[in-house]
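Below: coords-v6.txt (compact mmCIF, C-alpha atoms)
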# COMPACT_ATOMS: atom_id res chain seq x y z
CA MET A 1 183.64 77.45 148.65
CA PRO A 2 183.07 75.55 145.42
CA TYR A 3 181.09 77.19 142.65
CA ASP A 4 177.74 75.85 141.50
CA LYS A 5 177.27 74.65 137.93
CA TYR A 6 176.08 78.03 136.62
CA GLU A 7 178.89 79.96 138.30
CA GLN A 8 181.55 77.56 137.05
CA SER A 9 180.14 77.74 133.54
CA TYR A 10 180.21 81.54 133.61
CA LEU A 11 183.82 81.64 134.87
CA SER A 12 184.86 79.12 132.21
CA GLN A 13 183.19 81.15 129.45
CA LEU A 14 184.87 84.34 130.68
CA GLY A 15 188.24 82.61 130.73
CA ALA A 16 187.70 81.26 127.23
CA ARG A 17 186.88 84.76 125.91
CA ILE A 18 190.03 86.17 127.50
CA ARG A 19 192.14 83.34 126.04
CA LYS A 20 190.57 83.83 122.58
CA LEU A 21 191.29 87.58 122.59
CA ARG A 22 194.83 87.00 123.89
CA LYS A 23 195.60 84.49 121.16
CA ALA A 24 194.01 86.71 118.48
CA ARG A 25 196.49 89.41 119.52
CA GLU A 26 199.30 86.83 119.48
CA LEU A 27 200.13 87.44 123.14
CA SER A 28 201.52 84.83 125.49
CA GLN A 29 200.06 84.57 128.98
CA GLU A 30 203.29 86.11 130.21
CA ALA A 31 202.97 89.08 127.82
CA LEU A 32 199.33 89.65 128.82
CA ALA A 33 200.27 89.43 132.47
CA PHE A 34 203.03 92.00 131.97
CA GLU A 35 200.76 94.37 130.04
CA SER A 36 198.02 94.10 132.66
CA GLY A 37 200.29 94.21 135.72
CA LEU A 38 199.08 90.82 136.90
CA ASP A 39 200.93 87.60 137.62
CA ARG A 40 201.12 85.00 134.84
CA THR A 41 199.77 82.28 137.12
CA TYR A 42 196.78 84.51 137.91
CA VAL A 43 196.07 85.03 134.19
CA SER A 44 196.38 81.28 133.66
CA SER A 45 193.90 80.46 136.42
CA VAL A 46 191.44 83.07 135.09
CA GLU A 47 191.64 81.54 131.61
CA ARG A 48 190.94 78.10 133.10
CA GLY A 49 187.87 79.45 134.92
CA GLU A 50 189.34 78.81 138.35
CA ARG A 51 189.10 82.37 139.68
CA ASN A 52 186.25 84.70 140.47
CA ILE A 53 188.14 87.67 139.07
CA ALA A 54 187.91 91.07 140.75
CA VAL A 55 186.41 93.95 138.76
CA LEU A 56 189.62 95.97 138.79
CA ASN A 57 191.64 93.02 137.52
CA LEU A 58 189.04 92.47 134.81
CA ALA A 59 189.50 96.12 133.80
CA LYS A 60 193.28 95.67 133.69
CA LEU A 61 192.96 92.66 131.40
CA ALA A 62 190.46 94.44 129.16
CA ARG A 63 192.76 97.44 128.82
CA ALA A 64 195.75 95.20 128.03
CA LEU A 65 193.67 93.39 125.39
CA GLY A 66 192.41 96.67 123.92
CA VAL A 67 188.73 95.97 124.56
CA GLU A 68 185.98 97.22 126.84
CA VAL A 69 185.14 95.24 129.99
CA SER A 70 181.68 94.69 128.50
CA THR A 71 183.29 92.72 125.66
CA LEU A 72 184.71 90.27 128.19
CA LEU A 73 181.38 89.92 129.97
CA GLN A 74 179.19 89.28 126.91
CA GLU A 75 177.48 85.93 127.06
CA GLU A 76 177.32 83.94 123.86

What is this file in structure tokens?
Amino acid sequence: MPYDKYEQSYLSQLGARIRKLRKARELSQEALAFESGLDRTYVSSVERGERNIAVLNLAKLARALGVEVSTLLQEE
């Protein structure tokens, strides 16, 4: 089911925050995927805002990035 405008915007913003934190830590998508125990293609699709990420996977990414989940969910 396609996402509405608001949902797509939220997923895109979340993906952008993850990408920004990853790059600030000089990690490749592959390195972040390894550290979080997720597949690189999954990380890529999250960063592009194409996935409605599960809470546990969000926690894995936050831990690998060294931040709290709340940091990833903050709206700007």

So that I can see what lies close to A:Ala33, please list as a PDB file with C-alpha atoms, keeping the file's coordinate frame the residues with an atom at most 12 Å from it, counting all atoms listed in the file and leaving out residues fewer than 5 positions away in the same chain.
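Output file selection35.pdb is given in full below:
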ATOM      1  CA  ILE A  18     190.030  86.170 127.500  1.00  0.00           C
ATOM      2  CA  ARG A  22     194.830  87.000 123.890  1.00  0.00           C
ATOM      3  CA  LEU A  27     200.130  87.440 123.140  1.00  0.00           C
ATOM      4  CA  SER A  28     201.520  84.830 125.490  1.00  0.00           C
ATOM      5  CA  LEU A  38     199.080  90.820 136.900  1.00  0.00           C
ATOM      6  CA  ASP A  39     200.930  87.600 137.620  1.00  0.00           C
ATOM      7  CA  ARG A  40     201.120  85.000 134.840  1.00  0.00           C
ATOM      8  CA  THR A  41     199.770  82.280 137.120  1.00  0.00           C
ATOM      9  CA  TYR A  42     196.780  84.510 137.910  1.00  0.00           C
ATOM     10  CA  VAL A  43     196.070  85.030 134.190  1.00  0.00           C
ATOM     11  CA  SER A  44     196.380  81.280 133.660  1.00  0.00           C
ATOM     12  CA  SER A  45     193.900  80.460 136.420  1.00  0.00           C
ATOM     13  CA  VAL A  46     191.440  83.070 135.090  1.00  0.00           C
ATOM     14  CA  GLU A  47     191.640  81.540 131.610  1.00  0.00           C
ATOM     15  CA  ASN A  57     191.640  93.020 137.520  1.00  0.00           C
ATOM     16  CA  LEU A  58     189.040  92.470 134.810  1.00  0.00           C
ATOM     17  CA  LYS A  60     193.280  95.670 133.690  1.00  0.00           C
ATOM     18  CA  LEU A  61     192.960  92.660 131.400  1.00  0.00           C
ATOM     19  CA  ALA A  62     190.460  94.440 129.160  1.00  0.00           C
ATOM     20  CA  ARG A  63     192.760  97.440 128.820  1.00  0.00           C
ATOM     21  CA  ALA A  64     195.750  95.200 128.030  1.00  0.00           C
ATOM     22  CA  LEU A  65     193.670  93.390 125.390  1.00  0.00           C
TER      23      LEU A  65
END

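Residues lying within 10 Å of A:Glu7, counting all atoms listed in the file and ignoring same-chain neighbours fewer than 6 positions away, are Gln13, Gly49 and Asn52 of chain A.
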
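Minimum atom-to-atom distances from A:Val69, A:Arg48, A:Phe34, A:Tyr6 to A:Arg19 were compared using all atoms listed in the file, and the lowest value belongs to A:Arg48.
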
- Message: What's around stretch 71-74 of chain A at 7 Å? Count all atoms listed in the file, leave out sequence neighbours fewer than 3 positions away in its own chain, and write the answer as a ChimeraX atom specification.
- Response: /A:14,17-18,67-68

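Between atom CA of A:Lys23 and atom CA of A:Gly37 there is a distance of 18.1 Å.
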
- Query: How many Å separate atom CA of A:Ala24 from atom CA of A:Ile53?
  - Reply: 21.4 Å

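Of note, atom CA of A:Gln8 and atom CA of A:Ala54 are spaced 15.4 Å apart.
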
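Of the listed residues A:Arg51, A:Glu35, A:Glu76, A:Gly66, the one whose atoms come nearest to A:Ser12 is A:Arg51, with distances taken using all atoms listed in the file.
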
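In terms of minimum interatomic distance to A:Tyr10, A:Glu50 ranks closest within A:Ser70, A:Ala59, A:Glu50, A:Ala31, counting all atoms listed in the file.
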
Please write out, as JSON, where the centre of an axis-aligned box around all listed atoms of stretch 42-48 of chain A lies and how long its edges are, in Å to one decimal, after adding 5 Å on each side.
{"center_x": 193.9, "center_y": 81.6, "center_z": 134.8, "size_x": 15.8, "size_y": 16.9, "size_z": 16.3}

Please rebuild stretch 17-31 of chain A with N, CA and C atoms and return the result as a PDB file, in the frame of the given file.
ATOM      1  N   ARG A  17     186.883  83.508 126.679  1.00  0.00           N
ATOM      2  CA  ARG A  17     186.880  84.760 125.910  1.00  0.00           C
ATOM      3  C   ARG A  17     188.208  85.490 126.057  1.00  0.00           C
ATOM      4  N   ILE A  18     188.741  85.519 127.269  1.00  0.00           N
ATOM      5  CA  ILE A  18     190.030  86.170 127.500  1.00  0.00           C
ATOM      6  C   ILE A  18     191.121  85.459 126.714  1.00  0.00           C
ATOM      7  N   ARG A  19     191.146  84.126 126.768  1.00  0.00           N
ATOM      8  CA  ARG A  19     192.140  83.340 126.040  1.00  0.00           C
ATOM      9  C   ARG A  19     192.029  83.592 124.529  1.00  0.00           C
ATOM     10  N   LYS A  20     190.798  83.604 124.011  1.00  0.00           N
ATOM     11  CA  LYS A  20     190.570  83.830 122.580  1.00  0.00           C
ATOM     12  C   LYS A  20     191.108  85.200 122.152  1.00  0.00           C
ATOM     13  N   LEU A  21     190.815  86.236 122.920  1.00  0.00           N
ATOM     14  CA  LEU A  21     191.290  87.580 122.590  1.00  0.00           C
ATOM     15  C   LEU A  21     192.818  87.659 122.702  1.00  0.00           C
ATOM     16  N   ARG A  22     193.368  87.007 123.715  1.00  0.00           N
ATOM     17  CA  ARG A  22     194.830  87.000 123.890  1.00  0.00           C
ATOM     18  C   ARG A  22     195.512  86.356 122.690  1.00  0.00           C
ATOM     19  N   LYS A  23     194.996  85.203 122.289  1.00  0.00           N
ATOM     20  CA  LYS A  23     195.600  84.490 121.160  1.00  0.00           C
ATOM     21  C   LYS A  23     195.414  85.262 119.851  1.00  0.00           C
ATOM     22  N   ALA A  24     194.258  85.922 119.689  1.00  0.00           N
ATOM     23  CA  ALA A  24     194.010  86.710 118.480  1.00  0.00           C
ATOM     24  C   ALA A  24     195.021  87.862 118.369  1.00  0.00           C
ATOM     25  N   ARG A  25     195.500  88.332 119.496  1.00  0.00           N
ATOM     26  CA  ARG A  25     196.490  89.410 119.520  1.00  0.00           C
ATOM     27  C   ARG A  25     197.919  88.869 119.588  1.00  0.00           C
ATOM     28  N   GLU A  26     198.007  87.532 119.474  1.00  0.00           N
ATOM     29  CA  GLU A  26     199.300  86.830 119.480  1.00  0.00           C
ATOM     30  C   GLU A  26     200.128  87.179 120.712  1.00  0.00           C
ATOM     31  N   LEU A  27     199.451  87.188 121.868  1.00  0.00           N
ATOM     32  CA  LEU A  27     200.130  87.440 123.140  1.00  0.00           C
ATOM     33  C   LEU A  27     200.252  86.128 123.909  1.00  0.00           C
ATOM     34  N   SER A  28     201.373  85.950 124.564  1.00  0.00           N
ATOM     35  CA  SER A  28     201.520  84.830 125.490  1.00  0.00           C
ATOM     36  C   SER A  28     200.828  85.223 126.800  1.00  0.00           C
ATOM     37  N   GLN A  29     200.603  84.246 127.661  1.00  0.00           N
ATOM     38  CA  GLN A  29     200.060  84.570 128.980  1.00  0.00           C
ATOM     39  C   GLN A  29     201.013  85.507 129.713  1.00  0.00           C
ATOM     40  N   GLU A  30     202.285  85.268 129.555  1.00  0.00           N
ATOM     41  CA  GLU A  30     203.290  86.110 130.210  1.00  0.00           C
ATOM     42  C   GLU A  30     203.211  87.544 129.703  1.00  0.00           C
ATOM     43  N   ALA A  31     203.061  87.727 128.393  1.00  0.00           N
ATOM     44  CA  ALA A  31     202.970  89.080 127.820  1.00  0.00           C
ATOM     45  C   ALA A  31     201.699  89.777 128.293  1.00  0.00           C
TER      46      ALA A  31
END
